[in-house]
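Reading through the structure tokens given below for one structure.
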Amino acid sequence: MAANLASGADLGASFCATIDGETVVDVWGGWADVEKTRAWDADTIVNVYSTTKTMCAITALLLADRGEIDFDAPVARYWPEFAANGKEAVTVGHLMSHSSGLSGWEEPMTGEDLYDWEKATSLLAAQAPWWKPGSAPGYHAITQGYLVGEVVRRVAGKSIGTVFREEIAEPLGADFHIGLPASEDYRVADLDPPNGAIGDFSSEIQRKSLANPPIDPLVTRTREWRGAEIPAAGGTGNARSVARVHALLANGGELDGKRIMSEAGCRRVLDQQVEGHDMVLLNMPIRYGLGFGLPGEMLPMPNKNMAFWGGYGGSLAVIDFDARATYAFVMNRMHPSLVGDTRSAGLMGAMWMAMAAS
């Protein structure tokens, strides 16, 4: 990390690792703004884009563990309007595994529309799938949070940001937010947008999934974005909070003597739902479990009982169920990638080598 900060590969960043629920690495450094007027300190937080999806998934996994959500059940059981346009058989598991065929909106969307929960969800409920649900993966870059989040809202009677805060973040003392209070704005690092676009769109599905609405990292500096609940991309936290929440899964549902989930409920993450070349992520080979990516050709890992997810620009979270370990990296200098880069790979590799030698 020091080398990345010195070279300029990173502007500001934090990395954290836990084993058996204990924090074993917690480092941070650099700057919270491009002008280098604010140091990145212990409590700096930042928008982590799609690493937010794991928090959304864990919230759904918690409700499933309580018997309130059945991943094999049709979404329409909880959200009747969703059955429109041939989606009667689409399951909650399809939503969790990016295989529902609703990887974007058919109707043109603006950035402001992401702040309108009713519009974002009702359009998806009325829409027809773009491919046969369950037949292939296709990264639901923004829509997954609204889809899973609406199921959670229908079941719990509260927004997903509220359920996450009350049932997961606050009990664990995790400084992660889906919908950030204005009182915390002063701690947020500014994202430094990447040089270069995400990539060329070779299909209409890719274009509509990744550019409707267009992604503008500068919007994350606004109160509107930070305060909104955008469960697939709008979460704010640091590596410590990301590692802490994921430690709940790595440790079989119990942390600091608090039993929040069953071990079986945690390990459902590893239940493969779909495998294939992702229709949105530029045809990358990928395996999806319930809410997480699983090791495979795209991202080899030390053992099969691991799960991961990353965010646009470079953030990354990894869970090792065998080692009961978690690793998290967040930063504000973005790379033009949806699937991580060498900064996080180097830090993860250093951890794995240290663990292998211990």
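Convention: chains lettered A, B, ... in structure tokens order; per-chain residue numbering from 1; ligands numbered from 1 as shown.
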### Query
Could you name the residues that touch segment 307-312 of chain A at 6 Å or less, counting only C-alpha atoms, but leaving out those on the same chain fewer than 2 positions away, as a list in words?
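Near segment 307-312 of chain A, the qualifying residues are Val48, Tyr49, Ser50, Thr51, Phe292, Gly293, Leu294, Gly314, Ser315, Leu316, Ala317, Val318, Ile319, Ser337, Leu338 and Val339 of chain A.
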Could you turn the residues from that selection into a file that holds N, CA and C atoms, as a JSON list (two decimals), in the first residue's frame?
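To be explicit, this is the file written out as part.json:
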[["chain", "number", "residue", "atom", "x", "y", "z"],
["A", 48, "VAL", "N", -18.18, 3.08, -2.46],
["A", 48, "VAL", "CA", -17.50, 1.86, -2.93],
["A", 48, "VAL", "C", -18.18, 1.22, -4.13],
["A", 49, "TYR", "N", -19.11, 1.94, -4.75],
["A", 49, "TYR", "CA", -19.84, 1.42, -5.89],
["A", 49, "TYR", "C", -20.34, -0.01, -5.62],
["A", 50, "SER", "N", -20.02, -0.97, -6.47],
["A", 50, "SER", "CA", -20.72, -2.26, -6.41],
["A", 50, "SER", "C", -20.34, -3.15, -5.24],
["A", 51, "THR", "N", -19.32, -2.79, -4.48],
["A", 51, "THR", "CA", -19.09, -3.54, -3.25],
["A", 51, "THR", "C", -20.30, -3.39, -2.33],
["A", 292, "PHE", "N", -22.85, -13.22, -4.51],
["A", 292, "PHE", "CA", -21.40, -13.08, -4.60],
["A", 292, "PHE", "C", -20.89, -13.82, -5.82],
["A", 293, "GLY", "N", -19.70, -13.43, -6.29],
["A", 293, "GLY", "CA", -18.99, -14.20, -7.29],
["A", 293, "GLY", "C", -18.23, -15.33, -6.61],
["A", 294, "LEU", "N", -18.04, -16.42, -7.32],
["A", 294, "LEU", "CA", -17.32, -17.58, -6.80],
["A", 294, "LEU", "C", -16.04, -17.79, -7.60],
["A", 314, "GLY", "N", -12.21, -0.14, -8.44],
["A", 314, "GLY", "CA", -11.17, -0.90, -7.78],
["A", 314, "GLY", "C", -11.44, -1.50, -6.42],
["A", 315, "SER", "N", -12.51, -1.11, -5.72],
["A", 315, "SER", "CA", -12.75, -1.70, -4.40],
["A", 315, "SER", "C", -12.99, -3.20, -4.53],
["A", 316, "LEU", "N", -12.66, -3.95, -3.47],
["A", 316, "LEU", "CA", -12.78, -5.40, -3.53],
["A", 316, "LEU", "C", -12.99, -5.96, -2.13],
["A", 317, "ALA", "N", -13.85, -6.97, -2.05],
["A", 317, "ALA", "CA", -14.09, -7.70, -0.79],
["A", 317, "ALA", "C", -14.01, -9.19, -1.07],
["A", 318, "VAL", "N", -13.34, -9.92, -0.19],
["A", 318, "VAL", "CA", -13.18, -11.37, -0.34],
["A", 318, "VAL", "C", -13.48, -12.04, 1.00],
["A", 319, "ILE", "N", -14.19, -13.16, 0.93],
["A", 319, "ILE", "CA", -14.46, -13.99, 2.11],
["A", 319, "ILE", "C", -13.84, -15.36, 1.90],
["A", 337, "SER", "N", -12.24, -0.02, -14.49],
["A", 337, "SER", "CA", -12.52, -1.45, -14.46],
["A", 337, "SER", "C", -13.69, -1.73, -13.54],
["A", 338, "LEU", "N", -14.48, -2.74, -13.91],
["A", 338, "LEU", "CA", -15.58, -3.19, -13.05],
["A", 338, "LEU", "C", -15.19, -4.40, -12.22],
["A", 339, "VAL", "N", -14.01, -4.96, -12.45],
["A", 339, "VAL", "CA", -13.67, -6.25, -11.85],
["A", 339, "VAL", "C", -12.32, -6.24, -11.13]]
### Query
Quick one: residues within 8 Å of Leu249 of chain A, only C-alpha atoms counted, chain neighbours fewer than 5 positions away excluded, as a count of residues only?
5
### Task
Excluding Thr143 of chain A and any residue of its chain fewer than 6 positions from it, enumerate the residues within 9 Å of it, using only C-alpha atoms, and give them as a list in words.
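Using only C-alpha atoms, the neighbours found are Leu102, Ser103, Gly104, Trp105, Ala120, Thr121, Leu124, Ser209, Pro231 and Ala232 of chain A.
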Output N, CA and C atoms for every residue in the selection just made, as a PDB file, in the first residue's frame.
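To be explicit, this is the file written out as again-v9.pdb:
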ATOM      1  N   LEU A 102     -32.926  -8.910 -16.196  1.00  0.00           N
ATOM      2  CA  LEU A 102     -33.283  -7.499 -15.977  1.00  0.00           C
ATOM      3  C   LEU A 102     -32.028  -6.714 -15.586  1.00  0.00           C
ATOM      4  N   SER A 103     -31.014  -6.796 -16.420  1.00  0.00           N
ATOM      5  CA  SER A 103     -29.728  -6.182 -16.085  1.00  0.00           C
ATOM      6  C   SER A 103     -29.701  -4.675 -16.310  1.00  0.00           C
ATOM      7  N   GLY A 104     -30.774  -4.122 -16.833  1.00  0.00           N
ATOM      8  CA  GLY A 104     -30.872  -2.683 -17.034  1.00  0.00           C
ATOM      9  C   GLY A 104     -32.314  -2.303 -17.273  1.00  0.00           C
ATOM     10  N   TRP A 105     -32.541  -1.030 -17.527  1.00  0.00           N
ATOM     11  CA  TRP A 105     -33.886  -0.539 -17.816  1.00  0.00           C
ATOM     12  C   TRP A 105     -34.084  -0.404 -19.321  1.00  0.00           C
ATOM     13  N   ALA A 120     -37.903   3.562 -10.261  1.00  0.00           N
ATOM     14  CA  ALA A 120     -36.896   2.561 -10.620  1.00  0.00           C
ATOM     15  C   ALA A 120     -37.432   1.142 -10.491  1.00  0.00           C
ATOM     16  N   THR A 121     -38.190   0.875  -9.433  1.00  0.00           N
ATOM     17  CA  THR A 121     -38.699  -0.482  -9.215  1.00  0.00           C
ATOM     18  C   THR A 121     -39.924  -0.789 -10.063  1.00  0.00           C
ATOM     19  N   LEU A 124     -38.987  -1.767 -13.602  1.00  0.00           N
ATOM     20  CA  LEU A 124     -38.446  -3.127 -13.673  1.00  0.00           C
ATOM     21  C   LEU A 124     -39.554  -4.165 -13.525  1.00  0.00           C
ATOM     22  N   SER A 209     -27.349  -1.832 -19.963  1.00  0.00           N
ATOM     23  CA  SER A 209     -27.026  -2.242 -18.587  1.00  0.00           C
ATOM     24  C   SER A 209     -26.021  -1.311 -17.931  1.00  0.00           C
ATOM     25  N   PRO A 231     -28.858   0.550  -3.627  1.00  0.00           N
ATOM     26  CA  PRO A 231     -28.232  -0.602  -2.961  1.00  0.00           C
ATOM     27  C   PRO A 231     -27.232  -1.395  -3.783  1.00  0.00           C
ATOM     28  N   ALA A 232     -27.131  -1.091  -5.080  1.00  0.00           N
ATOM     29  CA  ALA A 232     -26.135  -1.786  -5.894  1.00  0.00           C
ATOM     30  C   ALA A 232     -24.888  -0.968  -6.124  1.00  0.00           C
TER      31      ALA A 232
END
#### Entry: Given only C-alpha atoms as the counted atoms, nearest of A:Ala182, A:Leu282, A:Leu290, A:Ala60 to Arg226 of chain A
A:Ala182
### Message
Just the number, please: distance in Å from atom CA of Arg259 of chain A to atom CA of Leu172 of chain A, one decimal.
### Response
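Distance reported for this atom pair: 10.6 Å.
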Within 10 Å of Leu191 of chain A, counting only C-alpha atoms, which residues show up once you throw out same-chain ones fewer than 6 positions away? Write them as a PDB file with C-alpha atoms, in the first residue's frame, please.
ATOM      1  CA  LEU A  11      -4.521   8.704  -3.959  1.00  0.00           C
ATOM      2  CA  GLY A  12      -6.097   7.533  -0.721  1.00  0.00           C
ATOM      3  CA  ALA A  32      -9.229  12.176   0.735  1.00  0.00           C
ATOM      4  CA  ASP A  33      -9.300  14.741  -2.078  1.00  0.00           C
ATOM      5  CA  VAL A  34      -7.543  15.325  -5.378  1.00  0.00           C
ATOM      6  CA  VAL A  46     -15.843   6.582   0.548  1.00  0.00           C
ATOM      7  CA  ASN A  47     -18.383   5.462  -2.025  1.00  0.00           C
ATOM      8  CA  VAL A  48     -17.496   1.862  -2.929  1.00  0.00           C
ATOM      9  CA  PRO A 217     -18.316   9.353 -10.516  1.00  0.00           C
ATOM     10  CA  LEU A 218     -18.454  13.087  -9.749  1.00  0.00           C
ATOM     11  CA  VAL A 219     -22.122  12.646  -8.777  1.00  0.00           C
ATOM     12  CA  THR A 220     -20.955  10.669  -5.739  1.00  0.00           C
ATOM     13  CA  ARG A 221     -19.745  13.966  -4.251  1.00  0.00           C
ATOM     14  CA  GLY A 313     -12.900   1.736  -9.867  1.00  0.00           C
ATOM     15  CA  MET A 331      -9.877   3.656  -2.477  1.00  0.00           C
ATOM     16  CA  ASN A 332     -10.735   6.944  -4.150  1.00  0.00           C
ATOM     17  CA  ARG A 333      -8.444   6.892  -7.220  1.00  0.00           C
ATOM     18  CA  MET A 334     -10.465   4.895  -9.720  1.00  0.00           C
TER      19      MET A 334
END
#### Entry: Point-to-point distance from atom CA of Thr91 of chain A to atom CA of Arg268 of chain A, Å rounded to tenths
15.7 Å
### Query
Hey, can you check how far atom CA of Phe71 of chain A sits from atom CA of Gln127 of chain A?
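It comes out at 20.8 Å.
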Taking only C-alpha atoms into account, produce a table as JSON lines in which each residue of segment 135-170 of chain A with an atom at most 10 Å from an atom of segment 283-289 of chain A appears once, together with its shortest atom pair and the distance in Å to one decimal, ordered by chain and rising number.
{"residue": "A:Pro137", "atom": "CA", "partner": "A:Tyr288", "partner_atom": "CA", "distance": 7.7}
{"residue": "A:Gly138", "atom": "CA", "partner": "A:Asn283", "partner_atom": "CA", "distance": 9.0}
{"residue": "A:Tyr139", "atom": "CA", "partner": "A:Tyr288", "partner_atom": "CA", "distance": 9.8}
### Message
Could you go through segment 171-252 of chain A and tell me which residues DSSP, when run on the backbone, assigns to helix (DSSP H, G or I), listing them as a ChimeraX atom specification?
### Response
/A:171-172,182-187,204-211,217-221,223-227,239-250
Keeping only N, CA and C atoms, write those residues as a compact mmCIF listing (two decimals), in the first residue's frame.
# COMPACT_ATOMS: atom_id res chain seq x y z
N PRO A 171 -25.71 -3.52 14.95
CA PRO A 171 -25.31 -4.60 15.87
C PRO A 171 -23.82 -4.97 15.78
N LEU A 172 -23.24 -4.84 14.57
CA LEU A 172 -21.84 -5.18 14.39
C LEU A 172 -20.90 -4.00 14.62
N ALA A 182 -26.50 13.18 6.39
CA ALA A 182 -25.75 14.39 6.05
C ALA A 182 -24.70 14.71 7.10
N SER A 183 -24.93 14.27 8.32
CA SER A 183 -23.99 14.55 9.41
C SER A 183 -22.63 13.90 9.19
N GLU A 184 -22.55 12.93 8.27
CA GLU A 184 -21.30 12.21 8.03
C GLU A 184 -20.59 12.66 6.77
N ASP A 185 -21.13 13.63 6.07
CA ASP A 185 -20.52 14.07 4.81
C ASP A 185 -19.07 14.52 4.96
N TYR A 186 -18.75 15.10 6.09
CA TYR A 186 -17.40 15.65 6.26
C TYR A 186 -16.32 14.57 6.24
N ARG A 187 -16.71 13.32 6.43
CA ARG A 187 -15.73 12.22 6.47
C ARG A 187 -15.53 11.55 5.12
N GLU A 204 -26.53 -4.32 -27.39
CA GLU A 204 -27.51 -3.42 -26.79
C GLU A 204 -27.70 -3.73 -25.31
N ILE A 205 -27.61 -5.01 -24.94
CA ILE A 205 -27.75 -5.37 -23.53
C ILE A 205 -26.64 -4.72 -22.71
N GLN A 206 -25.42 -4.76 -23.22
CA GLN A 206 -24.32 -4.11 -22.50
C GLN A 206 -24.54 -2.61 -22.38
N ARG A 207 -24.94 -1.99 -23.47
CA ARG A 207 -25.14 -0.54 -23.44
C ARG A 207 -26.22 -0.15 -22.46
N LYS A 208 -27.36 -0.84 -22.52
CA LYS A 208 -28.47 -0.48 -21.64
C LYS A 208 -28.18 -0.83 -20.18
N SER A 209 -27.35 -1.83 -19.96
CA SER A 209 -27.03 -2.24 -18.59
C SER A 209 -26.02 -1.31 -17.93
N LEU A 210 -25.07 -0.79 -18.72
CA LEU A 210 -23.96 -0.03 -18.15
C LEU A 210 -24.00 1.47 -18.45
N ALA A 211 -24.90 1.89 -19.32
CA ALA A 211 -24.90 3.32 -19.69
C ALA A 211 -26.29 3.95 -19.69
N PRO A 217 -18.83 9.42 -11.89
CA PRO A 217 -18.32 9.35 -10.52
C PRO A 217 -18.39 10.67 -9.75
N LEU A 218 -18.40 11.80 -10.45
CA LEU A 218 -18.45 13.09 -9.75
C LEU A 218 -19.77 13.27 -9.02
N VAL A 219 -20.82 12.56 -9.45
CA VAL A 219 -22.12 12.65 -8.78
C VAL A 219 -22.03 12.13 -7.34
N THR A 220 -21.08 11.22 -7.09
CA THR A 220 -20.96 10.67 -5.74
C THR A 220 -20.53 11.72 -4.71
N ARG A 221 -20.13 12.90 -5.18
CA ARG A 221 -19.74 13.97 -4.25
C ARG A 221 -20.95 14.78 -3.79
N ARG A 223 -24.84 15.51 -2.15
CA ARG A 223 -25.69 15.06 -1.05
C ARG A 223 -26.81 14.16 -1.56
N GLU A 224 -27.31 14.44 -2.76
CA GLU A 224 -28.41 13.64 -3.31
C GLU A 224 -27.98 12.17 -3.47
N TRP A 225 -26.82 11.96 -4.05
CA TRP A 225 -26.32 10.58 -4.24
C TRP A 225 -26.04 9.93 -2.89
N ARG A 226 -25.34 10.61 -2.04
CA ARG A 226 -24.94 10.00 -0.77
C ARG A 226 -26.14 9.64 0.09
N GLY A 227 -27.15 10.48 0.08
CA GLY A 227 -28.31 10.24 0.93
C GLY A 227 -29.29 9.24 0.37
N ALA A 239 -12.56 0.16 4.46
CA ALA A 239 -12.19 -1.25 4.43
C ALA A 239 -12.53 -1.94 5.74
N ARG A 240 -12.36 -1.23 6.85
CA ARG A 240 -12.66 -1.81 8.16
C ARG A 240 -14.13 -2.25 8.24
N SER A 241 -15.03 -1.39 7.77
CA SER A 241 -16.45 -1.73 7.86
C SER A 241 -16.83 -2.85 6.89
N VAL A 242 -16.23 -2.85 5.71
CA VAL A 242 -16.51 -3.91 4.74
C VAL A 242 -16.03 -5.25 5.28
N ALA A 243 -14.82 -5.28 5.79
CA ALA A 243 -14.28 -6.53 6.35
C ALA A 243 -15.10 -6.99 7.55
N ARG A 244 -15.54 -6.05 8.36
CA ARG A 244 -16.32 -6.37 9.56
C ARG A 244 -17.66 -7.02 9.20
N VAL A 245 -18.38 -6.45 8.26
CA VAL A 245 -19.67 -7.03 7.88
C VAL A 245 -19.48 -8.42 7.28
N HIS A 246 -18.47 -8.57 6.42
CA HIS A 246 -18.25 -9.87 5.81
C HIS A 246 -17.74 -10.92 6.80
N ALA A 247 -17.14 -10.45 7.89
CA ALA A 247 -16.71 -11.39 8.93
C ALA A 247 -17.90 -12.12 9.55
N LEU A 248 -19.07 -11.52 9.48
CA LEU A 248 -20.27 -12.20 9.96
C LEU A 248 -20.46 -13.51 9.21
N LEU A 249 -20.29 -13.47 7.88
CA LEU A 249 -20.42 -14.69 7.08
C LEU A 249 -19.25 -15.63 7.32
N ALA A 250 -18.03 -15.09 7.31
CA ALA A 250 -16.83 -15.92 7.47
C ALA A 250 -16.82 -16.67 8.78
### Near-Ala83 of chain A list (9 Å; only C-alpha atoms; drop same-chain fewer than 5 positions) as number ranges by chain
A: 74-77, 88-90, 125-126
### Message
Just want the 12 Å neighbourhood of Leu5 of chain A, counted on only C-alpha atoms, with same-chain residues fewer than 3 positions away dropped. Output as a list in words.
### Response
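Skipping anything fewer than 3 positions along the chain leaves Met1, Ala2, Gly8, Ala9, Asp10, Leu11, Gly12, Ala13, Ser14, Trp28, Gly29, Gly30, Trp31, Trp40, Met331, Asn332, Arg333 and Arg343 of chain A.
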### Task
Choose the residue, out of A:Ala57, A:Ile160, A:Ala323, A:Val330, that has the smallest atom-to-atom separation from Met355 of chain A; count only C-alpha atoms.
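Comparing A:Ala57, A:Ile160, A:Ala323, A:Val330 against Met355 of chain A, the winner is A:Ala323.
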### Which of A:Gln272, A:Asn212, A:Ser122, A:Ser159 sits closest to Trp79 of chain A [using only C-alpha atoms]
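Comparing A:Gln272, A:Asn212, A:Ser122, A:Ser159 against Trp79 of chain A, the winner is A:Ser122.
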For the strand (DSSP E) assignment from backbone DSSP, which residues of segment 65-275 of chain A qualify? Please present them as a tab-separated table (two decimals) with N, CA, C and O atoms, in the first residue's frame.
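As written to disk, result37.tsv reads:
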chain	number	residue	atom	x	y	z
A	236	THR	N	-21.51	3.67	1.25
A	236	THR	CA	-20.36	4.43	1.72
A	236	THR	C	-19.77	3.75	2.95
A	236	THR	O	-20.48	3.46	3.91
A	237	GLY	N	-18.47	3.49	2.92
A	237	GLY	CA	-17.81	2.86	4.07
A	237	GLY	C	-16.31	2.87	3.87
A	237	GLY	O	-15.78	3.51	2.96
A	254	GLU	N	-21.79	-15.51	13.66
A	254	GLU	CA	-21.63	-15.03	15.04
A	254	GLU	C	-20.36	-14.18	15.14
A	254	GLU	O	-19.30	-14.58	14.67
A	255	LEU	N	-20.49	-13.01	15.76
A	255	LEU	CA	-19.35	-12.14	16.02
A	255	LEU	C	-19.47	-11.55	17.41
A	255	LEU	O	-20.55	-11.12	17.82
A	258	LYS	N	-22.30	-12.40	19.51
A	258	LYS	CA	-23.66	-12.11	19.00
A	258	LYS	C	-23.98	-13.06	17.85
A	258	LYS	O	-23.29	-13.07	16.84
A	259	ARG	N	-25.01	-13.85	18.03
A	259	ARG	CA	-25.46	-14.75	16.98
A	259	ARG	C	-26.51	-14.03	16.14
A	259	ARG	O	-27.60	-13.72	16.62
A	274	VAL	N	-25.57	-19.95	-11.18
A	274	VAL	CA	-25.43	-19.88	-12.63
A	274	VAL	C	-23.95	-19.77	-12.98
A	274	VAL	O	-23.15	-19.25	-12.19
A	275	GLU	N	-23.58	-20.28	-14.12
A	275	GLU	CA	-22.19	-20.21	-14.60
A	275	GLU	C	-22.22	-20.00	-16.11
A	275	GLU	O	-23.06	-20.55	-16.81
### Message
Excluding Leu347 of chain A and its own-chain neighbours fewer than 6 positions away, which residues fall within 10 Å of it when counting only C-alpha atoms? Please give them as a PyMOL selection string.
### Response
chain A and resi 1+15-16+327-329
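Among the candidate residues A:Val92, A:Ala39, A:Met261, A:Ala233, the one lying nearest to Ile178 of chain A is A:Ala233, with distances computed using only C-alpha atoms.
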#### Entry: Residue with smallest distance to Val269 of chain A - pool A:Thr52, A:Gln144, A:Thr110, A:Ser97, counting only C-alpha atoms
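Using only C-alpha atoms, Val269 of chain A sits closest to A:Ser97.
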### Message
Given only C-alpha atoms as the basis, pick out the residue of A:Ala64, A:Ala228, A:Val152, A:Glu167 nearest to Asp113 of chain A.
### Response
A:Ala228
